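Enquirer: Below is the structure I would like to discuss, written out as structure tokens.
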Amino acid sequence: MTSLLKIENLHVNVEETPILKGVNLEVKAGEIHALMGENGSGKSTLAYALAGHPKYTITQGTVELDGAKLNDLDPSERARLGLFLAFQYPVTIPGVKVADFLRHAISNIRNPARKEGEGLVPMREFRKELKEQMGSLDMKTEFARRYLNEGFSGGEKKRMEILQLAMLKPKFAILDETDSGLDSDAVRFVSEGLTKLTGPEMGVMIITHHERLLQYNIPQYAHVMMGGRIVETGDASLAEEIHNEGYTALRERHPEAAAEQEQVEAVTQ
Ligand code: ADP
Ligand code: MG
């Protein structure tokens, strides 16, 4: 059976302010979707709401993964069902090494009933897997001994997110502006990493402004968000149109959504 992430009429508030106003989207395993839109259109809000961030309250609509309703599940339960979110701004955890973090993360997902101190993926098995994945991503082994994101450059943080993706092998990955503010080496790393990792088993939603990322990972679908709704869905040519021409024409085609987006910005700034 092909896995399906189904978002229906999703309304989300951020601290009382309605941000998402009826998002409909289906992502199947094996598909790459690009989610685009101007700043403040609600892209990260959608990503956080899917992952279960407590500040983002679903007020209407449903999110389902293979028929299981995610709305009321906590983030770890969603992760166990196969959802992964790469953060726009990953957190630093001094004192926790990359390897230890990853071993716990994959153990939590593979042995959901495990108690603290038990049920960890055996060290040998874990090391072998980590070595293989880091090798295929062309990462130096010493990276695994560093503290999570501490002193990492923007590019290294993105490498970390891609390595997590490689180890966790989720059914659905949401990558939130994994490429923003990155130098071209880092964008290439993310692009090539994604190309290696995506396949018929994984559905991907890339939230991006970056042309390069979408050239490496050609999306079957591109969606444009405006004022908390998806106003247009097309194929890779829609993404290309936006790169070439910006959002002016889109705003003109969707004046109501454009007006709503301006309102939200006024409320929250
Ligand atoms: P995008 O990722 O498309 O740039 P966001 O989802 O981050 O857009 O933001 C959409 C709107 O929601 C913006 O107006 C933003 O100010 C508001 N918003 C997002 N997150 C928060 C938050 N944690 N607190 C208050 N307002 C927020
Ligand atoms: Mg964002």
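Identifiers for the structure tokens are assigned positionally: chains receive A, B, ... in sequence, residues are indexed from 1 per chain, and ligands are indexed from 1 in the order shown.
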Do a neighbour search on Lys55 (chain A) at 9 Å with only C-alpha atoms, toss out local chain neighbours closer than 3 positions, and write the hits as an MDAnalysis selection string.

Expert: chainID A and resid 13:15 48:49 52

Enquirer: To test your reading of the structure, identify every residue in region 14-143 of chain A that backbone DSSP assigns to strand (DSSP E or B), and report it as a PyMOL selection string.

Expert: chain A and resi 14+17-28+32-37+56-65+68-69+83-86+93-97

Enquirer: Hey, can you spit out that residue selection with C-alpha atoms as a PDB file, in the first residue's frame?

Expert:
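This is the output file selection.pdb:
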ATOM      1  CA  VAL A  14      -0.917  30.662  16.554  1.00  0.00           C
ATOM      2  CA  THR A  17      -4.426  34.432  15.710  1.00  0.00           C
ATOM      3  CA  PRO A  18      -5.831  32.383  12.835  1.00  0.00           C
ATOM      4  CA  ILE A  19      -2.968  31.706  10.430  1.00  0.00           C
ATOM      5  CA  LEU A  20      -3.990  28.705   8.338  1.00  0.00           C
ATOM      6  CA  LYS A  21      -7.471  29.013   6.903  1.00  0.00           C
ATOM      7  CA  GLY A  22      -8.348  25.776   5.229  1.00  0.00           C
ATOM      8  CA  VAL A  23      -5.355  23.948   3.776  1.00  0.00           C
ATOM      9  CA  ASN A  24      -5.989  20.863   1.648  1.00  0.00           C
ATOM     10  CA  LEU A  25      -3.059  18.753   0.532  1.00  0.00           C
ATOM     11  CA  GLU A  26      -2.257  15.116  -0.147  1.00  0.00           C
ATOM     12  CA  VAL A  27       1.259  13.757  -0.341  1.00  0.00           C
ATOM     13  CA  LYS A  28       1.879  10.152  -1.344  1.00  0.00           C
ATOM     14  CA  ILE A  32       8.119  15.336  -4.048  1.00  0.00           C
ATOM     15  CA  HIS A  33       6.051  18.437  -3.381  1.00  0.00           C
ATOM     16  CA  ALA A  34       7.398  21.967  -3.297  1.00  0.00           C
ATOM     17  CA  LEU A  35       5.628  24.420  -1.025  1.00  0.00           C
ATOM     18  CA  MET A  36       6.302  28.023  -1.917  1.00  0.00           C
ATOM     19  CA  GLY A  37       4.939  31.381  -0.875  1.00  0.00           C
ATOM     20  CA  TYR A  56       0.194  25.767  16.848  1.00  0.00           C
ATOM     21  CA  THR A  57      -3.413  24.819  17.576  1.00  0.00           C
ATOM     22  CA  ILE A  58      -5.531  22.996  15.040  1.00  0.00           C
ATOM     23  CA  THR A  59      -8.987  24.548  15.300  1.00  0.00           C
ATOM     24  CA  GLN A  60     -10.612  22.765  12.344  1.00  0.00           C
ATOM     25  CA  GLY A  61      -9.836  20.043   9.869  1.00  0.00           C
ATOM     26  CA  THR A  62      -7.742  16.890  10.017  1.00  0.00           C
ATOM     27  CA  VAL A  63      -4.288  15.528   9.341  1.00  0.00           C
ATOM     28  CA  GLU A  64      -4.141  11.804   8.635  1.00  0.00           C
ATOM     29  CA  LEU A  65      -1.228   9.504   7.994  1.00  0.00           C
ATOM     30  CA  ALA A  68      -4.473   7.461  11.486  1.00  0.00           C
ATOM     31  CA  LYS A  69      -5.595  10.875  12.688  1.00  0.00           C
ATOM     32  CA  LEU A  83       6.606  11.887  10.085  1.00  0.00           C
ATOM     33  CA  PHE A  84       9.824  13.888  10.119  1.00  0.00           C
ATOM     34  CA  LEU A  85      10.305  17.641  10.185  1.00  0.00           C
ATOM     35  CA  ALA A  86      13.663  19.227   9.436  1.00  0.00           C
ATOM     36  CA  ILE A  93      21.973  20.687  22.615  1.00  0.00           C
ATOM     37  CA  PRO A  94      25.386  21.113  24.273  1.00  0.00           C
ATOM     38  CA  GLY A  95      26.586  17.939  25.977  1.00  0.00           C
ATOM     39  CA  VAL A  96      24.656  15.599  23.678  1.00  0.00           C
ATOM     40  CA  LYS A  97      26.754  14.074  20.954  1.00  0.00           C
TER      41      LYS A  97
END

Enquirer: May I have all residues of region 39-124 of chain A that DSSP, computed from the backbone, assigns to alpha helix (DSSP H), given as an MDAnalysis selection string?

Expert: chainID A and resid 43:51 75:81 98:110 123:124

Enquirer: Please return as a VMD selection string the residues found within 12 Å of ligand 2, counting only C-alpha atoms and all ligand atoms.

Expert: chain A and resid 35 to 48 86 to 89 175 to 180 206 to 209 225

Enquirer: Tell me which of A:Leu163, A:Leu250, A:Val231, A:Ala79 sits closest to Phe189 (chain A), counting only C-alpha atoms.

Expert: A:Leu163

Enquirer: Point out the residue among A:Gly30, A:Pro122, A:Gly193, A:Gly154 with the least atom-to-atom distance to Met134 (chain A), counting only C-alpha atoms.

Expert: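 Once distances to Met134 (chain A) are computed over only C-alpha atoms, the minimum belongs to A:Gly193.
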
Enquirer: Between A:Lys196, A:His243, A:Arg124, A:Arg80, which residue has the minimum interatomic distance to Ser107 (chain A), considering only C-alpha atoms?

Expert: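 Answer, going by the shortest atom-to-atom distance: A:Arg80.
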
Enquirer: Between A:Ile109, A:Met1, A:Val98, A:Met167, which one has atoms that come closest to Lys128 (chain A), using only C-alpha atoms?

Expert: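 Selected residue with least distance to Lys128 (chain A): A:Met167.
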
Enquirer: To one decimal place in Å, what is the distance between CA of Glu31 (chain A) and CA of Val204 (chain A)?

Expert: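 Calculated distance between CA of Glu31 (chain A) and CA of Val204 (chain A) is 6.3 Å.
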